[in-house]
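This report refers to the structure that appears directly beneath it.
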Amino acid sequence: MTGRPFGVGVLGDQLRQLEDSAAAQRTASQTSSAEGVGVSGSGQGAQLRPGISVSANATASSITLAELCHRGQQRRAWQLYTQLCSLDVTLPRQSYWQLLQCSLKVGQTQDALHIFRHLQDLKMISTGAYWCEVIDALARQRQKGAVSNQLPFQLWRELCASSLPLDARSHVTGMNACVTANKVDEARKVFRDMQAAGFPADVRCYNILLKGHSLRRQSAAVLSTLEELRASPLKLNRVTYNTVLHSLAQAGKLQQARQLLDEAHAQLGALNGLDVAPNAWTYSIMMEGHAKRLQMDACARLHAEMRAAGVQASVVVYNVLLRATLQAAAKRGWKGQLEASDTVLKSMAAEGIAPGPDTYNTLMQAALNAGRPGAVPGLFQQLLTRSSPTSLSFTMLVTSLVRLGRSEDAVVAFEHLQAQSHIQLEPPAVTAGAAALARAGQLDKAEALLLRHSPRGRNPNLQGWGALVQERAHAGQVSQAVSSLHHFCGMGGVPDAGMVDAVVGLCLGRRDYQHALKVVSILNEAGLPTDGYLLGKAIDEIDRQLPHVQKQSLDEDVTASVGNEYIERFKFWIGLPNSYYAQN
C-alpha cells in the first residue's frame with residue numbers, strides 16, 4: 001500500500017504510519033527467519049545475533065526465549081521456537097510455557113494452542129493444572145466468533161476424556177468453559193458433578209452460573225440462582241451483585257436493580273472487609289439500563305450518587321453517559337448532539353479521564369446515524385492521535401468513505417485494517433470491506449473476501465453479499481451476478497428483495513431468460529418462493545418497451561428462437577401462460 005494516495009490529509013499519513021509499523025514488524029520477522037536467529041553466550045545476558053544458525057544448546061536458547069517473552073516480542077520468540085523445533089532441540093517445560101503465556105497475552109491464540117499441543121506430544125502436561133490455566137486464559141480472550149468461544153469448551157471435553165483426575169479447580173474451569181460456549185445447562189451439570197465428587201462449591205461457581213444465565217438473558221433463572229446462593233452459607237460478593245444487576249438492567253427491571261444496589265450498600269456497612277462495595281462498573285450497569293430508556297435524570301442521579309460515595313468514575317461510565325446523551329439529543333439534529341456531547345467530554349476532562357476507543361466509536365456511530373459521514377474521518381484522526389483504533393473504528397471509517405463516494409479511499413482504509421495483525425476482522429468489518437471493494441469495481445476481490453470469511457454452518461453475510469450482487473448487476477455482469485447469488489444461497493443464505501430484484505431485473509432487462517430461469521431454480525432449491533405475477537408484469541413491461549421492428553428482427557434470428565424457448569420455459573416454471581409444450 002505504500003505510495004497509494006489516501007485522500008484524507010493527515011489521516012492518510014497516520015494510517016500509513018500504522019501500516020509502516022506493521023510492515024516493519026513483518027519485515028523484521030521475515031529477516032530473522034531468512035538469516036537465522038543466533039544465540040551467543042550462556043547464562044544471563046544471552047543475545048540474539050543475525051547470521052548465525054540456532055545453537056543446539058538448550059540452556060542458551062531457553063534464556064534467549066525467556067528474554068524475548070519478557071519484552072513481549074512474541075513474533076521473534078515464535079521464530080526462534082520454530083527454528084528450534086526444526087533442529088529437534090527440546091527445551092525445558094518452563095520455556096515453552098513462557099512462550100505460550102506470551103502468545104496468549106498478545107492475542108495469538110492459535111500459536112498458544114500449537115505450543116500446548118507440542119507440550120502434549122512431549123508428555124510434559126502431567127497435571128490438570130496446566131489444562132486449567134490454558135482453558136481459563138482462552139476463556140478470557142476477547143476474541144469474538146463461534147470458533148474462539150467454543151475452543152475452551154473443546155479443551156475441557158478433552159481434559160474430561162483424559163486420564164487426569166479432576167479436582168475442584170478443574171470443575172470450576174469446566175463450568176466457565178461451558179458458559180463461554182453458551183452452554184449454561186452443561187455448566188450446571190459440571191456443578192452437580194463437582195458437588196457429587198465431594199468438592200465444596202464457592203461463590204465463584206454461583207457467579208459463573210449467574211453469568212451464564214445473564215448472557216442468555218434469562219433473568220428469571222438469574223434470580224432463582226441468586227436465591228440458591230442466598231440459601232447457602234456463602235456470601236455474595238461484588239461480582240455477584242454486578243452480574244445480577246446487569247441481568248436486571250437488561251430486562252428493564254430497574255426497580256429490582258435499585259433494591260439490589262441498596263442491599264449492596266447495606267452489606268458494605270454491616271460486613272467489614274467483604275468485597276461488596278459498588279464500583280464504577282456497578283454504576284455503569286445501572287446507568288446503561290436507564291440510558292436505554294432515555295431516563296437522563298436517573299443517569300444524572302446515579303452519577304452524583306457515585307461521586308458522593310467516593311467511587312472514581314471511569315471511561316466506561318462516561319461512555320454510557322455519552323451514548324445516552326447523544327441518543328437523547330438526536331431530535332435536535334447533529335448540531336444539537338455535538339453541543340450535548342461536548343458537555344460530557346468536558347466533564348470527562350475535568351476528572352482527568354481520557355477518552356478511549358469506545359468514546360470515539362460512539363461519536364462516529366452517532367455521526368453515521370445522523371447522516372453525517374463527513375464527520376467520521378476527522379474523529380478517526382483524533383482517535384489515532386490518542387489511542388489505538390479497534391475493528392469497529394476502522395469499520396465506521398470505511399463505511400463513511402463509501403457513503404461519501406470515496407470507494408478507493410475506503411478500500412485503502414480497509415487494507416490498513418487487514419494489515420493490523422492484532423485486530424481481529426469481525427463480521428461488520430467484512431461487510432464494510434466487501435461493500436468498499438464492490439463500489440470500487442473490485443468485484444472478484446469482494447467475493448473472495450466474503451467466501452474467505454463465510455462461517456460454516458451459519459448464515460453468510462447478507463449485507464456484504466447484497467452489496468456485491470447489486471454492484472455486479474449495476475455493472476451488467478449477468479452470469480457473475482447469478483453465480484454470486486448461487487454461492488450465497490448455497491451457503492444457507494436467504495437473499496432479500498433487493499438482491500433478487502437486482503439479478504432478475506438485469507436478466508429480464510437483457511432478455512436473458514436462460515439466466516432468469518437459473519435464478520428461479522436457485523430460489524426453488526433454497527426453498528424460497530418466486531412471485532410469478534410480478535415477474536410476468538416485468539416481462540410485459542420490457543416487451544412493450546422494445547420497438548416492434550426490433551422484435552420482428554429478433555424473431556427471425558436463430559439466436560432469438562433459442563431465447564424464445566427459454567422465455568417460454570421461464571414462464572412455465574413461474575406459472576405464467578406459455579407455449580413451452582407447443583414449441584416442443
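In the C-alpha cells, each chain is lettered A, B, ... as it comes, each chain's residues begin at 1, and ligands are numbered from 1 in order of appearance.
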What lies within 12 Å of Asp501 (chain A) using only C-alpha atoms, ignoring chain neighbours under 3 positions off, as a CSV table (one decimal) with N, CA and C atoms, in the first residue's frame?
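Below is the file around.csv, written as the result:
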chain,number,residue,atom,x,y,z
A,466,GLY,N,-25.2,-8.8,-0.5
A,466,GLY,CA,-26.1,-8.0,-1.2
A,466,GLY,C,-25.5,-6.9,-1.9
A,469,VAL,N,-23.8,-8.5,-5.1
A,469,VAL,CA,-24.7,-8.8,-6.1
A,469,VAL,C,-25.3,-7.6,-6.8
A,470,GLN,N,-25.6,-6.6,-6.0
A,470,GLN,CA,-26.2,-5.4,-6.7
A,470,GLN,C,-25.2,-4.6,-7.5
A,473,ALA,N,-24.8,-6.5,-10.7
A,473,ALA,CA,-26.0,-6.2,-11.6
A,473,ALA,C,-25.9,-4.8,-12.2
A,474,HIS,N,-25.4,-3.9,-11.4
A,474,HIS,CA,-25.2,-2.5,-11.9
A,474,HIS,C,-24.1,-2.5,-13.0
A,481,ALA,N,-23.3,-12.2,-11.6
A,481,ALA,CA,-24.3,-11.8,-10.6
A,481,ALA,C,-25.1,-13.1,-10.2
A,482,VAL,N,-25.5,-13.9,-11.2
A,482,VAL,CA,-26.2,-15.1,-10.9
A,482,VAL,C,-25.4,-16.1,-10.1
A,485,LEU,N,-25.1,-15.0,-6.5
A,485,LEU,CA,-26.4,-15.3,-5.8
A,485,LEU,C,-26.4,-16.8,-5.5
A,495,PRO,N,-31.6,-14.5,0.5
A,495,PRO,CA,-31.5,-13.2,-0.1
A,495,PRO,C,-32.7,-12.3,0.2
A,496,ASP,N,-32.4,-11.0,0.3
A,496,ASP,CA,-33.5,-10.1,0.5
A,496,ASP,C,-34.1,-9.7,-0.9
A,497,ALA,N,-35.1,-8.9,-0.9
A,497,ALA,CA,-35.8,-8.4,-2.1
A,497,ALA,C,-34.8,-7.7,-3.0
A,498,GLY,N,-33.9,-6.9,-2.4
A,498,GLY,CA,-33.0,-6.1,-3.2
A,498,GLY,C,-32.1,-6.9,-4.1
A,504,VAL,N,-32.8,-10.5,-11.1
A,504,VAL,CA,-33.9,-10.8,-12.1
A,504,VAL,C,-34.1,-9.6,-13.0
A,505,GLY,N,-34.0,-8.4,-12.4
A,505,GLY,CA,-34.2,-7.2,-13.3
A,505,GLY,C,-33.1,-7.1,-14.4
A,506,LEU,N,-31.9,-7.5,-14.0
A,506,LEU,CA,-30.8,-7.5,-15.0
A,506,LEU,C,-31.1,-8.5,-16.1
A,507,CYS,N,-31.5,-9.7,-15.7
A,507,CYS,CA,-31.7,-10.8,-16.6
A,507,CYS,C,-32.8,-10.4,-17.6
A,508,LEU,N,-34.0,-10.0,-17.0
A,508,LEU,CA,-35.1,-9.6,-17.9
A,508,LEU,C,-34.8,-8.4,-18.8
A,509,GLY,N,-34.1,-7.4,-18.2
A,509,GLY,CA,-33.7,-6.3,-19.0
A,509,GLY,C,-32.8,-6.6,-20.2
A,516,ALA,N,-32.3,-16.0,-16.2
A,516,ALA,CA,-33.5,-15.8,-15.4
A,516,ALA,C,-34.1,-17.1,-14.8
A,519,VAL,N,-32.0,-18.3,-12.0
A,519,VAL,CA,-32.3,-17.6,-10.8
A,519,VAL,C,-33.5,-18.3,-10.1
A,520,VAL,N,-34.6,-18.6,-10.9
A,520,VAL,CA,-35.7,-19.2,-10.3
A,520,VAL,C,-35.4,-20.6,-9.8
A,530,THR,N,-41.1,-17.7,-5.6
A,530,THR,CA,-40.9,-16.7,-6.6
A,530,THR,C,-42.3,-16.1,-7.0
A,531,ASP,N,-42.3,-14.8,-7.2
A,531,ASP,CA,-43.5,-14.1,-7.4
A,531,ASP,C,-43.8,-14.0,-8.9
A,534,LEU,N,-45.5,-10.7,-10.4
A,534,LEU,CA,-44.6,-9.5,-10.6
A,534,LEU,C,-43.6,-9.8,-11.7
A,535,LEU,N,-43.1,-11.0,-11.8
A,535,LEU,CA,-42.2,-11.3,-12.9
A,535,LEU,C,-42.9,-11.2,-14.3
A,538,ALA,N,-43.2,-7.7,-15.2
A,538,ALA,CA,-41.8,-7.1,-15.7
A,538,ALA,C,-41.6,-7.5,-17.1
Requested in this report: Determine which residues of region 158-390 of chain A DSSP labels as helix (DSSP H, G or I) from the backbone of this structure, then write them out as a PyMOL selection string.
Outcome: chain A and resi 158-161+168-180+184-196+203-215+219-231+238-250+254-270+280-291+296-308+315-328+330-350+357-369+373-386
Query raised in the report: Which residues, written as a VMD selection string, have at least one atom at most 12 Å from Gln218 (chain A), with only C-alpha atoms counted and residues fewer than 2 positions away on the same chain left out?
Result: chain A and resid 184 209 to 216 220 to 225 244 246 to 248 250 to 251
Report task. Pick out the residues sitting within 10 Å of Leu260 (chain A), and hand them over as JSON, numbers by chain; count only C-alpha atoms, and ignore anything fewer than 3 positions along from it in its own chain. Result -> {"A": [241, 242, 244, 245, 248, 254, 255, 256, 257, 263, 264, 265, 266]}
